[in-house]
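What follows is upload26.cif (mmCIF, C-alpha atoms).
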data_protein
#
loop_
_atom_site.label_atom_id
_atom_site.label_comp_id
_atom_site.auth_asym_id
_atom_site.auth_seq_id
_atom_site.Cartn_x
_atom_site.Cartn_y
_atom_site.Cartn_z
CA MET A 195 -11.67 -21.06 1.61
CA SER A 196 -13.92 -24.10 1.55
CA ASP A 197 -12.77 -27.45 2.87
CA GLN A 198 -12.37 -28.86 -0.61
CA ASP A 199 -9.78 -27.59 -3.02
CA THR A 200 -12.43 -26.35 -5.43
CA PRO A 201 -13.09 -22.65 -4.81
CA VAL A 202 -16.69 -21.65 -4.19
CA VAL A 203 -18.29 -18.89 -6.27
CA LEU A 204 -21.64 -17.48 -5.22
CA VAL A 205 -23.55 -16.01 -8.17
CA VAL A 206 -26.16 -13.45 -7.12
CA GLU A 207 -28.34 -12.67 -10.11
CA ASP A 208 -32.08 -12.21 -10.43
CA GLU A 209 -32.25 -13.15 -14.08
CA ARG A 210 -32.25 -16.90 -14.11
CA SER A 211 -30.93 -17.32 -17.67
CA VAL A 212 -27.98 -15.03 -16.94
CA ALA A 213 -27.14 -16.89 -13.73
CA GLU A 214 -27.27 -20.22 -15.51
CA GLY A 215 -25.04 -18.85 -18.25
CA TYR A 216 -22.38 -17.98 -15.63
CA GLU A 217 -22.77 -21.44 -14.16
CA ILE A 218 -22.10 -23.07 -17.52
CA TRP A 219 -18.98 -20.92 -18.01
CA LEU A 220 -17.56 -21.37 -14.53
CA GLY A 221 -18.98 -24.71 -13.40
CA ASP A 222 -16.06 -26.86 -14.55
CA ARG A 223 -13.59 -24.80 -12.50
CA TYR A 224 -15.46 -23.79 -9.38
CA GLU A 225 -18.27 -24.94 -7.16
CA ILE A 226 -21.12 -22.62 -8.13
CA ARG A 227 -23.89 -21.59 -5.75
CA LEU A 228 -26.80 -19.55 -7.04
CA ALA A 229 -28.85 -16.90 -5.25
CA ALA A 230 -31.77 -15.25 -7.04
CA ASP A 231 -31.85 -12.07 -4.95
CA GLY A 232 -30.21 -10.19 -2.13
CA ARG A 233 -31.99 -12.06 0.66
CA GLU A 234 -31.01 -15.44 -0.74
CA ALA A 235 -27.48 -14.13 -1.13
CA LEU A 236 -27.26 -13.17 2.55
CA ASP A 237 -28.60 -16.60 3.52
CA ALA A 238 -26.08 -18.34 1.30
CA VAL A 239 -22.94 -16.33 2.01
CA ASP A 240 -20.52 -17.53 4.67
CA ASP A 241 -16.79 -18.10 5.07
CA SER A 242 -16.92 -21.12 2.76
CA VAL A 243 -17.60 -18.76 -0.16
CA ASP A 244 -14.46 -17.47 -1.85
CA VAL A 245 -15.85 -15.08 -4.46
CA VAL A 246 -19.26 -13.43 -4.85
CA LEU A 247 -20.40 -12.25 -8.27
CA LEU A 248 -22.97 -9.69 -7.22
CA ASP A 249 -25.48 -8.10 -9.55
CA ARG A 250 -25.72 -4.40 -8.75
CA MET A 251 -29.33 -3.79 -9.76
CA MET A 252 -31.73 -6.12 -8.00
CA PRO A 253 -35.25 -5.61 -6.67
CA GLU A 254 -35.55 -5.11 -2.90
CA LEU A 255 -31.96 -5.45 -1.68
CA SER A 256 -29.47 -3.81 -4.04
CA GLY A 257 -25.96 -5.06 -4.63
CA GLU A 258 -24.59 -2.24 -2.47
CA GLU A 259 -26.82 -3.21 0.44
CA VAL A 260 -25.83 -6.85 0.17
CA LEU A 261 -22.17 -5.88 0.07
CA ARG A 262 -22.50 -3.69 3.15
CA GLU A 263 -24.09 -6.53 5.07
CA ILE A 264 -21.36 -8.97 3.94
CA ARG A 265 -18.70 -6.54 5.20
CA ASP A 266 -20.58 -5.82 8.43
CA ARG A 267 -20.69 -9.53 9.19
CA GLY A 268 -16.95 -9.71 8.63
CA ILE A 269 -17.21 -12.56 6.14
CA ASP A 270 -13.88 -13.39 4.53
CA CYS A 271 -14.76 -13.30 0.84
CA ARG A 272 -14.06 -11.09 -2.16
CA VAL A 273 -16.93 -9.43 -3.97
CA ALA A 274 -17.10 -8.48 -7.65
CA MET A 275 -19.90 -6.16 -8.68
CA VAL A 276 -21.55 -7.02 -11.96
CA SER A 277 -23.41 -4.13 -13.50
CA ALA A 278 -24.71 -2.82 -16.80
CA VAL A 279 -23.93 0.69 -15.57
CA GLU A 280 -20.49 2.02 -16.41
CA PRO A 281 -18.38 2.35 -13.28
CA ASP A 282 -18.52 5.79 -11.73
CA PHE A 283 -16.15 7.59 -9.41
CA ASP A 284 -18.04 6.35 -6.41
CA ILE A 285 -17.08 2.71 -6.83
CA VAL A 286 -13.78 2.93 -4.97
CA GLU A 287 -15.74 4.02 -1.93
CA MET A 288 -18.32 1.27 -2.09
CA GLY A 289 -15.92 -1.44 -1.12
CA PHE A 290 -16.12 -3.82 -4.05
CA ASP A 291 -13.01 -5.81 -4.91
CA ALA A 292 -13.64 -5.83 -8.65
CA TYR A 293 -16.04 -4.43 -11.20
CA ILE A 294 -17.42 -6.30 -14.19
CA THR A 295 -19.50 -4.57 -16.85
CA LYS A 296 -22.54 -6.44 -18.07
CA PRO A 297 -22.73 -8.46 -20.20
CA PRO A 298 -19.38 -10.00 -19.29
CA GLU A 299 -17.36 -12.24 -21.54
CA ARG A 300 -16.44 -15.70 -20.34
CA GLN A 301 -12.73 -14.98 -20.07
CA GLU A 302 -13.33 -11.75 -18.20
CA LEU A 303 -15.38 -13.58 -15.58
CA ILE A 304 -12.73 -16.26 -15.17
CA ASP A 305 -9.89 -13.71 -15.01
CA THR A 306 -11.73 -11.71 -12.36
CA VAL A 307 -12.47 -14.75 -10.20
CA GLU A 308 -8.84 -15.88 -10.52
CA ARG A 309 -7.55 -12.44 -9.57
CA LEU A 310 -9.74 -12.38 -6.49
CA LEU A 311 -8.70 -15.92 -5.52
CA ASP A 312 -5.06 -14.79 -5.76
CA ARG A 313 -5.77 -11.85 -3.52
CA ALA A 314 -7.25 -14.19 -0.93
CA THR A 315 -3.74 -15.58 -0.39
CA LEU A 316 -2.14 -12.11 -0.20
CA ASP A 317 -2.00 -11.92 3.57
CA ASP A 318 -0.25 -15.31 3.88
CA ALA A 319 2.29 -14.28 1.26
CA PHE A 320 2.76 -11.02 3.17
CA GLN A 321 3.39 -12.77 6.49
CA GLU A 322 6.27 -14.74 4.99
CA TYR A 323 7.65 -11.71 3.15
CA HIS A 324 7.56 -9.60 6.29
CA SER A 325 9.25 -12.34 8.27
CA LEU A 326 12.15 -12.49 5.78
CA MET A 327 12.45 -8.70 5.64
CA ALA A 328 12.40 -8.50 9.44
CA ARG A 329 15.31 -10.97 9.60
CA LYS A 330 17.17 -8.83 7.13
CA GLY A 331 16.42 -5.78 9.25
CA ALA A 332 17.67 -7.56 12.38
CA LEU A 333 20.92 -8.59 10.69
CA GLN A 334 21.47 -5.06 9.44
CA ALA A 335 21.11 -3.83 12.99
CA GLN A 336 23.72 -6.33 14.23
CA LYS A 337 26.38 -6.25 11.53
CA THR A 338 28.25 -3.74 9.43
CA GLU A 339 27.62 -3.39 5.71
CA GLU A 340 30.98 -5.06 5.09
CA GLU A 341 30.22 -8.06 7.28
CA LEU A 342 26.90 -8.52 5.51
CA ARG A 343 28.53 -8.57 2.08
CA ASP A 344 30.54 -11.64 3.10
CA ASN A 345 27.74 -13.35 5.00
CA ALA A 346 26.38 -16.31 3.01
CA GLU A 347 23.20 -16.55 5.06
CA TYR A 348 22.47 -12.88 4.44
CA GLN A 349 23.03 -13.25 0.71
CA ASP A 350 20.76 -16.30 0.68
CA LEU A 351 18.17 -14.30 2.57
CA LEU A 352 18.28 -11.59 -0.11
CA ASP A 353 17.50 -14.22 -2.77
CA ARG A 354 14.60 -15.59 -0.77
CA ILE A 355 13.26 -12.08 -0.26
CA GLU A 356 13.22 -11.47 -3.98
CA VAL A 357 11.29 -14.68 -4.66
CA GLN A 358 8.79 -13.93 -1.91
CA ARG A 359 8.32 -10.34 -3.07
CA ASP A 360 7.35 -11.66 -6.49
CA ALA A 361 4.82 -13.96 -4.81
CA VAL A 362 3.30 -11.02 -2.95
CA ASP A 363 3.16 -8.90 -6.08
CA ALA A 364 1.49 -11.70 -8.05
CA ASP A 365 -1.26 -11.82 -5.40
CA LEU A 366 -1.55 -8.03 -5.39
CA GLY A 367 -2.43 -7.77 -9.06
CA ASP A 368 -2.49 -4.52 -10.99
CA MET A 369 -1.86 -1.70 -8.52
CA GLY A 370 -2.37 0.78 -11.34
CA SER A 371 -6.10 0.13 -10.89
CA GLU A 372 -7.83 2.13 -8.15
CA VAL A 373 -10.32 -0.61 -7.28
CA ASP A 374 -7.58 -3.24 -6.99
CA PHE A 375 -5.39 -0.90 -4.93
CA VAL A 376 -8.13 -0.21 -2.38
CA SER A 377 -9.13 -3.88 -2.37
CA ALA A 378 -5.55 -4.96 -1.65
CA VAL A 379 -5.29 -2.55 1.30
CA ARG A 380 -8.66 -3.72 2.65
CA GLU A 381 -7.30 -7.27 2.58
CA PHE A 382 -5.17 -6.64 5.68
CA ALA A 383 -6.27 -3.21 6.98
CA ASP A 384 -9.00 -4.51 9.28
CA GLY A 385 -7.28 -7.73 10.23
CA GLU A 386 -5.58 -8.38 13.52
CA ASP A 387 -2.51 -6.30 14.02
CA ASP A 388 -0.01 -8.46 15.81
CA THR A 389 3.03 -6.41 16.51
CA GLU A 390 5.26 -9.38 17.23
CA TRP A 391 8.31 -9.47 15.01
CA PRO A 392 9.58 -12.95 14.27
CA ALA A 393 13.30 -12.34 14.18
CA ALA A 394 13.35 -9.97 17.11
CA ASP A 395 12.94 -12.54 19.86
CA GLY A 396 16.09 -14.58 19.87
CA ASP A 397 15.89 -16.46 16.58
CA GLU A 398 18.75 -18.96 17.00
CA GLU A 399 19.41 -19.12 13.29
CA TRP A 400 20.55 -15.53 13.31
CA ALA A 401 21.69 -15.08 16.86
CA ASP A 402 25.27 -15.71 15.74
CA GLY A 403 26.45 -17.40 18.94
CA ASP A 404 25.41 -14.51 21.13
CA SER A 405 23.29 -16.43 23.60
CA SER A 406 23.19 -13.51 26.00
CA LEU A 407 20.80 -11.61 23.77
CA PRO A 408 17.90 -10.26 25.77
CA GLY A 409 14.58 -11.82 24.90
CA SER A 410 16.05 -15.21 24.19
CA GLU A 411 13.35 -17.84 24.40
CA ASP A 412 15.75 -20.45 25.74
CA GLU A 413 14.30 -21.10 29.17
CA ARG A 414 15.30 -24.76 29.47
CA MET B 180 3.93 9.97 -17.86
CA SER B 181 7.26 11.68 -17.42
CA GLU B 182 10.48 9.74 -17.44
CA MET B 183 12.05 11.82 -14.70
CA TYR B 184 11.01 14.02 -11.80
CA ASP B 185 13.23 17.07 -11.41
CA VAL B 186 14.44 17.43 -7.82
CA SER B 187 17.58 19.37 -8.63
CA GLY B 188 19.12 21.51 -5.93
CA VAL B 189 17.47 19.76 -2.99
CA LEU B 190 20.62 17.89 -2.04
CA PRO B 191 23.92 19.74 -2.47
CA GLY B 192 26.62 18.69 -4.92
CA GLY B 193 24.23 17.44 -7.59
CA VAL B 194 23.34 14.31 -5.61
CA LEU B 195 19.95 13.10 -6.85
CA ASP B 196 19.06 15.83 -9.34
CA GLU B 197 16.31 13.78 -10.88
CA LEU B 198 14.38 10.67 -10.02
CA PRO B 199 12.80 8.23 -12.48
CA ALA B 200 9.01 7.91 -12.55
CA GLY B 201 7.89 5.24 -10.11
CA THR B 202 10.62 5.91 -7.53
CA ASN B 203 9.93 5.66 -3.79
CA VAL B 204 12.24 7.62 -1.48
CA ALA B 205 12.40 7.44 2.32
CA ILE B 206 13.97 10.18 4.39
CA VAL B 207 15.22 8.60 7.60
CA GLY B 208 16.75 10.42 10.53
CA PRO B 209 16.30 11.44 14.15
CA SER B 210 13.33 13.56 15.16
CA MET B 211 13.74 17.28 14.55
CA SER B 212 16.49 16.71 11.98
CA GLY B 213 14.66 18.43 9.14
CA LYS B 214 13.13 15.36 7.48
CA ARG B 215 9.80 17.02 6.92
CA GLU B 216 11.41 20.10 5.40
CA LEU B 217 13.48 17.94 3.05
CA ALA B 218 10.37 15.99 2.06
CA LEU B 219 8.55 19.25 1.27
CA GLN B 220 11.48 20.33 -0.89
CA LEU B 221 11.42 17.06 -2.82
CA LEU B 222 7.68 17.49 -3.34
CA ALA B 223 8.01 21.11 -4.43
CA SER B 224 11.36 21.26 -6.23
CA GLY B 225 10.98 21.55 -9.97
CA TYR B 226 7.25 21.18 -9.43
CA ALA B 227 6.09 21.60 -12.98
CA SER B 228 2.82 23.07 -14.16
CA ASP B 229 1.58 19.68 -15.30
CA GLU B 230 2.27 17.95 -12.00
CA ALA B 231 0.24 17.50 -8.85
CA VAL B 232 1.17 16.91 -5.22
CA LEU B 233 -0.77 14.48 -3.07
CA CYS B 234 -0.06 14.55 0.67
CA ILE B 235 -1.13 12.13 3.36
CA THR B 236 -0.72 13.96 6.61
CA THR B 237 -2.11 14.65 10.05
CA ASP B 238 -1.50 18.37 9.53
CA SER B 239 -4.32 20.59 8.42
CA ALA B 240 -4.63 21.53 4.77
CA ALA B 241 -3.79 25.14 5.64
CA THR B 242 -0.48 24.05 7.16
CA VAL B 243 0.43 21.93 4.15
CA TYR B 244 -0.42 24.74 1.72
CA ALA B 245 1.64 27.23 3.71
CA ASP B 246 4.61 24.86 3.92
CA LEU B 247 4.56 24.09 0.21
CA GLU B 248 4.18 27.76 -0.65
CA ARG B 249 7.52 28.46 1.00
CA HIS B 250 9.09 26.36 -1.78
CA VAL B 251 6.82 27.02 -4.75
CA ASP B 252 6.37 30.56 -6.02
CA SER B 253 2.83 30.28 -7.25
CA LEU B 254 1.21 27.21 -5.84
CA ASP B 255 -1.95 26.12 -7.62
CA ARG B 256 -3.99 24.74 -4.75
CA ASP B 257 -6.21 22.86 -7.19
CA ARG B 258 -3.18 20.72 -7.90
CA VAL B 259 -2.49 19.89 -4.29
CA GLY B 260 -4.48 16.94 -3.00
CA ILE B 261 -4.56 16.35 0.73
CA VAL B 262 -5.63 13.27 2.62
CA ASP B 263 -6.10 14.73 6.08
CA ALA B 264 -5.93 11.85 8.56
CA SER B 265 -6.07 14.06 11.64
CA GLY B 266 -9.74 13.28 12.19
CA SER B 267 -10.50 16.97 12.68
CA GLU B 268 -12.68 17.36 9.66
CA GLY B 269 -14.09 20.70 10.70
CA GLN B 270 -10.78 22.49 10.27
CA ASN B 271 -10.80 22.18 6.52
CA ALA B 272 -12.95 24.25 4.23
CA ILE B 273 -15.05 22.19 1.86
CA ASP B 274 -12.66 21.54 -0.95
CA ALA B 275 -12.65 19.06 -3.81
CA THR B 276 -8.99 18.27 -3.34
CA ILE B 277 -9.20 17.46 0.38
CA GLU B 278 -10.23 14.02 1.62
CA ASN B 279 -10.82 13.58 5.33
CA VAL B 280 -9.99 10.32 7.09
CA SER B 281 -11.01 9.66 10.68
CA SER B 282 -7.61 8.47 11.90
CA PRO B 283 -4.14 7.45 10.66
CA SER B 284 -5.13 3.90 11.59
CA ASP B 285 -7.83 3.89 8.89
CA LEU B 286 -5.68 2.51 6.08
CA THR B 287 -8.67 1.67 3.90
CA GLY B 288 -9.88 5.26 4.23
CA ILE B 289 -6.42 6.56 3.33
CA SER B 290 -6.28 4.36 0.23
CA VAL B 291 -9.80 5.39 -0.82
CA GLY B 292 -8.86 9.06 -0.35
CA THR B 293 -5.71 8.78 -2.44
CA ALA B 294 -7.52 6.79 -5.14
CA LYS B 295 -10.28 9.40 -5.37
CA LEU B 296 -7.82 12.29 -5.63
CA PHE B 297 -5.86 10.35 -8.25
CA GLN B 298 -9.03 9.86 -10.30
CA GLN B 299 -9.82 13.53 -10.01
CA PHE B 300 -6.35 14.55 -11.23
CA GLU B 301 -6.47 11.97 -13.99
CA LYS B 302 -9.81 13.30 -15.18
CA ARG B 303 -8.16 16.72 -15.48
CA GLY B 304 -5.32 15.25 -17.50
CA ILE B 305 -2.74 15.34 -14.69
CA THR B 306 -0.91 12.05 -14.51
CA GLU B 307 2.36 13.08 -12.87
CA ILE B 308 1.90 13.04 -9.14
CA ARG B 309 4.34 13.50 -6.29
CA TYR B 310 3.04 11.65 -3.26
CA GLY B 311 4.13 12.72 0.21
CA LEU B 312 3.48 10.47 3.19
CA ILE B 313 4.35 12.45 6.30
CA SER B 314 4.99 10.49 8.25
CA ILE B 315 5.54 6.74 8.58
CA SER B 316 6.31 7.35 12.25
CA THR B 317 2.79 8.66 12.79
CA LEU B 318 1.39 5.46 11.25
CA LEU B 319 3.61 3.45 13.60
CA GLN B 320 2.11 5.27 16.58
CA TYR B 321 -1.34 4.04 15.61
CA LEU B 322 -0.62 0.65 14.02
CA GLY B 323 1.65 -2.33 14.45
CA GLY B 324 4.84 -2.46 12.43
CA LYS B 325 3.69 -5.43 10.39
CA LYS B 326 0.55 -3.71 9.21
CA VAL B 327 2.45 -0.54 8.36
CA PHE B 328 4.94 -2.68 6.45
CA LYS B 329 2.17 -4.28 4.38
CA PHE B 330 0.53 -0.95 3.70
CA LEU B 331 3.80 0.59 2.54
CA HIS B 332 4.43 -2.30 0.20
CA VAL B 333 1.04 -1.86 -1.47
CA TYR B 334 1.36 1.92 -1.48
CA THR B 335 4.87 2.00 -2.97
CA LYS B 336 3.71 -0.51 -5.59
CA ARG B 337 0.87 1.82 -6.45
CA VAL B 338 3.32 4.74 -6.82
CA GLU B 339 5.55 2.56 -8.99
CA GLU B 340 2.82 1.33 -11.30
CA THR B 341 1.30 4.77 -11.81
CA GLY B 342 4.68 6.33 -12.63
CA ALA B 343 4.46 8.68 -9.66
CA LEU B 344 7.09 9.82 -7.17
CA GLY B 345 6.76 8.78 -3.53
CA ILE B 346 8.37 10.68 -0.64
CA TYR B 347 8.19 9.33 2.94
CA THR B 348 9.67 10.31 6.30
CA LEU B 349 10.63 8.02 9.17
CA ASP B 350 12.15 8.77 12.59
CA ASP B 351 15.00 6.43 13.38
CA ASP B 352 15.21 7.32 17.06
CA SER B 353 11.63 6.60 18.08
CA HIS B 354 11.38 3.00 16.85
CA ASP B 355 13.35 -0.22 17.24
CA PRO B 356 16.35 -0.34 14.82
CA GLN B 357 15.01 -3.57 13.34
CA VAL B 358 11.70 -1.90 12.54
CA VAL B 359 13.48 1.07 10.96
CA ASN B 360 15.70 -1.23 8.86
CA THR B 361 12.84 -3.47 7.79
CA ILE B 362 10.69 -0.57 6.69
CA SER B 363 13.61 1.28 5.06
CA GLY B 364 14.25 -1.86 2.98
CA GLN B 365 11.01 -1.29 1.09
CA PHE B 366 12.16 1.81 -0.76
CA ASP B 367 14.17 2.29 -3.92
CA GLY B 368 16.39 4.65 -2.04
CA VAL B 369 16.91 6.16 1.37
CA ILE B 370 18.24 9.59 2.31
CA GLN B 371 19.66 9.31 5.81
CA LEU B 372 20.06 12.37 8.00
CA ARG B 373 22.06 12.88 11.17
CA GLU B 374 23.15 15.73 13.33
CA THR B 375 26.80 16.03 14.31
CA ASP B 376 27.90 16.87 17.86
CA ALA B 377 28.55 20.39 16.62
CA GLY B 378 24.92 20.59 15.54
CA ASP B 379 25.55 20.41 11.78
CA LEU B 380 23.22 18.44 9.57
CA GLU B 381 24.72 15.68 7.43
CA PHE B 382 23.20 13.33 4.88
CA ARG B 383 24.10 10.21 2.97
CA VAL B 384 22.27 8.29 0.28
CA ARG B 385 21.61 4.54 0.04
CA GLY B 386 20.04 2.61 -2.83
CA PHE B 387 18.71 4.19 -6.05
CA GLY B 388 20.79 1.56 -7.89
CA ARG B 389 23.97 3.50 -7.33
CA ARG B 390 26.96 3.49 -5.02
CA PRO B 391 26.25 4.55 -1.47
CA THR B 392 27.56 8.00 -0.60
CA SER B 393 29.42 8.86 2.58
CA TRP B 394 28.20 11.39 5.13
CA GLN B 395 28.43 14.96 3.92
CA ASP B 396 27.30 18.38 5.02
CA PHE B 397 24.21 20.04 3.72
#
Since I need it in another form, could you write the structure as structure tokens?
Amino acid sequence: MSDQDTPVVLVVEDERSVAEGYEIWLGDRYEIRLAADGREALDAVDDSVDVVLLDRMMPELSGEEVLREIRDRGIDCRVAMVSAVEPDFDIVEMGFDAYITKPPERQELIDTVERLLDRATLDDAFQEYHSLMARKGALQAQKTEEELRDNAEYQDLLDRIEVQRDAVDADLGDMGSEVDFVSAVREFADGEDDTEWPAADGDEEWADGDSSLPGSEDER
Amino acid sequence: MSEMYDVSGVLPGGVLDELPAGTNVAIVGPSMSGKRELALQLLASGYASDEAVLCITTDSAATVYADLERHVDSLDRDRVGIVDASGSEGQNAIDATIENVSSPSDLTGISVGTAKLFQQFEKRGITEIRYGLISISTLLQYLGGKKVFKFLHVYTKRVEETGALGIYTLDDDSHDPQVVNTISGQFDGVIQLRETDAGDLEFRVRGFGRRPTSWQDF
């Protein structure tokens, strides 16, 4: 994300009139940056860019090559391929996060950018969801099913889990789509894999008076 | 898209004879308690001519075929997709329904493999797919619990939204109880297995929007 609240969209398009058309459609919602070819795109792309609209067919560097370089550099942005060619089976392998057929309609462009901006917050939503589910898992390990039924904190936790699951699913988008499914997995698959579980190490809120639990952080 | 997947006869006493499209089922129990066998039965039971099976596994394709063939009279191998995450690509013959992934830790590769096999089945008019992920415990050997948790959420959502059936196995004696509980909480239902002191196998069922069952013999 950029420092400002306005998301940044990098439009990579070698036809100037087309690029300017996108800018007119999207300019009131996002900060638009333009790149006329693959080289300019690679100069312009960095972590401040949220979404790249990448033309597939460009002279010299193709959209695929630009995408590969963006991924190799580990830049945290989502990339939509814009192409006049109908999507083929190979697109799930290429690593795009969305596919837009040329010429796009205004609403389709906006919907795609919004979907990809939602997905950018997926991992944060997941962290919170996992933390709640891990607490639930810890309580289940400590108490009987009967005790849990009468436990107000547990019941409250179940409500919070449901709300947070909806937040995760809203960021996920349509998992019936192959491209979105692979894109959602890619969102966390290569990230750091911290194995620390929040509720496992002596969370006082759930420790239930048992201060002798191993792993308690209370060192005084 | 079918309304129900027929799994009749897998569990005794008519427990879970059919499962609605989009259901995700975890089989949880100690190692060597027959989880894999039960998963294979759920994948193969009532396996209709218009269905496909899609397995993510570290076993070779030949092993998966042979195991399924013990439960299906005439297995159509063209309708069995395999994402082989063993990393031993050379073991498999070149086959359109086998996708090789370098390691169980390559979650992107696994998702690409399943998506490609799905597209292939869809192109052939097959939209009812039974997914087998054998096993979650293998994923946990290669990846942290949090990442496996996230992957399973996305994967089960995919199964749900494509009206498929998802079958998963998880050891409950090789991971922390909290990890087992947290991961088990992601499924529509759980079949728990345990072995009695006398060596008999028992099961009970949790979830599926119905009353929990008590332990009973197979």
Discussion item. Translate the PyMOL selection byres ((chain A and resi 360-370) around 8) into a concrete residue list for this structure, as a list in words.
Written reply: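 Taken on the displayed file, the PyMOL selection byres ((chain A and resi 360-370) around 8) yields the residues Arg309, Asp312, Arg313, Ala314, Thr315, Leu316, Ala319, Phe320, Tyr323, Glu356, Val357, Gln358, Arg359, Ser371, Glu372, Asp374, Phe375 and Ala378 of chain A; Val333, Lys336, Arg337, Glu340 and Thr341 of chain B.
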Worksheet item: Within 7 Å of chain A, which residues of chain B show up when using all atoms listed in the file, listed as a list in words?
Response: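 Matching residues, ligands excluded from the count: Leu286, Thr287, Ser290, Val291, Ala294, Gly323, Gly324, Lys325, Lys326, Lys329, Phe330, Val333, Lys336, Arg337, Glu340, Thr341, Pro356, Gln357, Val358, Asn360 and Thr361 of chain B.
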Fill in: Ground truth for the PyMOL selection byres ((chain B and resi 299-309) around 7), written as a list in words
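After applying the PyMOL selection byres ((chain B and resi 299-309) around 7), what remains is Met180, Ser181, Leu222, Asp229, Glu230, Ala231, Val232, Leu233, Lys295, Leu296, Phe297, Gln298, Tyr310, Gly311, Ala343, Leu344 and Gly345 of chain B.
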Print the selection's residues with C-alpha atoms to a file, as a PDB file, keeping the file's coordinate frame.
ATOM      1  CA  MET B 180       3.930   9.970 -17.860  1.00  0.00           C
ATOM      2  CA  SER B 181       7.260  11.680 -17.420  1.00  0.00           C
ATOM      3  CA  LEU B 222       7.680  17.490  -3.340  1.00  0.00           C
ATOM      4  CA  ASP B 229       1.580  19.680 -15.300  1.00  0.00           C
ATOM      5  CA  GLU B 230       2.270  17.950 -12.000  1.00  0.00           C
ATOM      6  CA  ALA B 231       0.240  17.500  -8.850  1.00  0.00           C
ATOM      7  CA  VAL B 232       1.170  16.910  -5.220  1.00  0.00           C
ATOM      8  CA  LEU B 233      -0.770  14.480  -3.070  1.00  0.00           C
ATOM      9  CA  LYS B 295     -10.280   9.400  -5.370  1.00  0.00           C
ATOM     10  CA  LEU B 296      -7.820  12.290  -5.630  1.00  0.00           C
ATOM     11  CA  PHE B 297      -5.860  10.350  -8.250  1.00  0.00           C
ATOM     12  CA  GLN B 298      -9.030   9.860 -10.300  1.00  0.00           C
ATOM     13  CA  TYR B 310       3.040  11.650  -3.260  1.00  0.00           C
ATOM     14  CA  GLY B 311       4.130  12.720   0.210  1.00  0.00           C
ATOM     15  CA  ALA B 343       4.460   8.680  -9.660  1.00  0.00           C
ATOM     16  CA  LEU B 344       7.090   9.820  -7.170  1.00  0.00           C
ATOM     17  CA  GLY B 345       6.760   8.780  -3.530  1.00  0.00           C
TER      18      GLY B 345
END
Worksheet item: How far is it from CA of Val202 in chain A to CA of Glu217 in chain A, in Å with one decimal?
Response: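 Going from CA of Val202 in chain A over to CA of Glu217 in chain A, I get 11.7 Å.
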Evaluated on this file, the PyMOL selection byres ((chain B and resi 262) around 10) picks out some residues - which ones are they, written as a tab-separated table (two decimals) with C-alpha atoms, keeping the file's coordinate frame?
chain	number	residue	atom	x	y	z
B	233	LEU	CA	-0.77	14.48	-3.07
B	234	CYS	CA	-0.06	14.55	0.67
B	235	ILE	CA	-1.13	12.13	3.36
B	236	THR	CA	-0.72	13.96	6.61
B	237	THR	CA	-2.11	14.65	10.05
B	238	ASP	CA	-1.50	18.37	9.53
B	239	SER	CA	-4.32	20.59	8.42
B	240	ALA	CA	-4.63	21.53	4.77
B	260	GLY	CA	-4.48	16.94	-3.00
B	261	ILE	CA	-4.56	16.35	0.73
B	263	ASP	CA	-6.10	14.73	6.08
B	264	ALA	CA	-5.93	11.85	8.56
B	265	SER	CA	-6.07	14.06	11.64
B	276	THR	CA	-8.99	18.27	-3.34
B	277	ILE	CA	-9.20	17.46	0.38
B	278	GLU	CA	-10.23	14.02	1.62
B	279	ASN	CA	-10.82	13.58	5.33
B	280	VAL	CA	-9.99	10.32	7.09
B	288	GLY	CA	-9.88	5.26	4.23
B	289	ILE	CA	-6.42	6.56	3.33
B	290	SER	CA	-6.28	4.36	0.23
B	291	VAL	CA	-9.80	5.39	-0.82
B	292	GLY	CA	-8.86	9.06	-0.35
B	293	THR	CA	-5.71	8.78	-2.44
B	296	LEU	CA	-7.82	12.29	-5.63
B	312	LEU	CA	3.48	10.47	3.19
Fill in: For CA of Glu302 in chain A and CA of Thr335 in chain B, the interatomic separation in Å (one decimal)
27.4 Å
Worksheet entry | All residues 8 Å or closer to Val205 in chain A, all atoms listed in the file, same chain fewer than 4 positions away omitted, as a ChimeraX atom specification | /A:213,216,226-229,246-248
Item to complete: Could you please determine the separation between CA of Thr242 in chain B and CA of His354 in chain B in Å, to one decimal place?
Response: 26.0 Å
Determine the axis-aligned bounding box of all atoms of range 196-214 of chain B present in the file, pad each side by 4 Å, and express its centre and edge lengths in Å to one decimal place as AutoDock Vina command-line options.
--center_x 13.5 --center_y 11.8 --center_z 1.3 --size_x 19.2 --size_y 21.2 --size_z 35.7
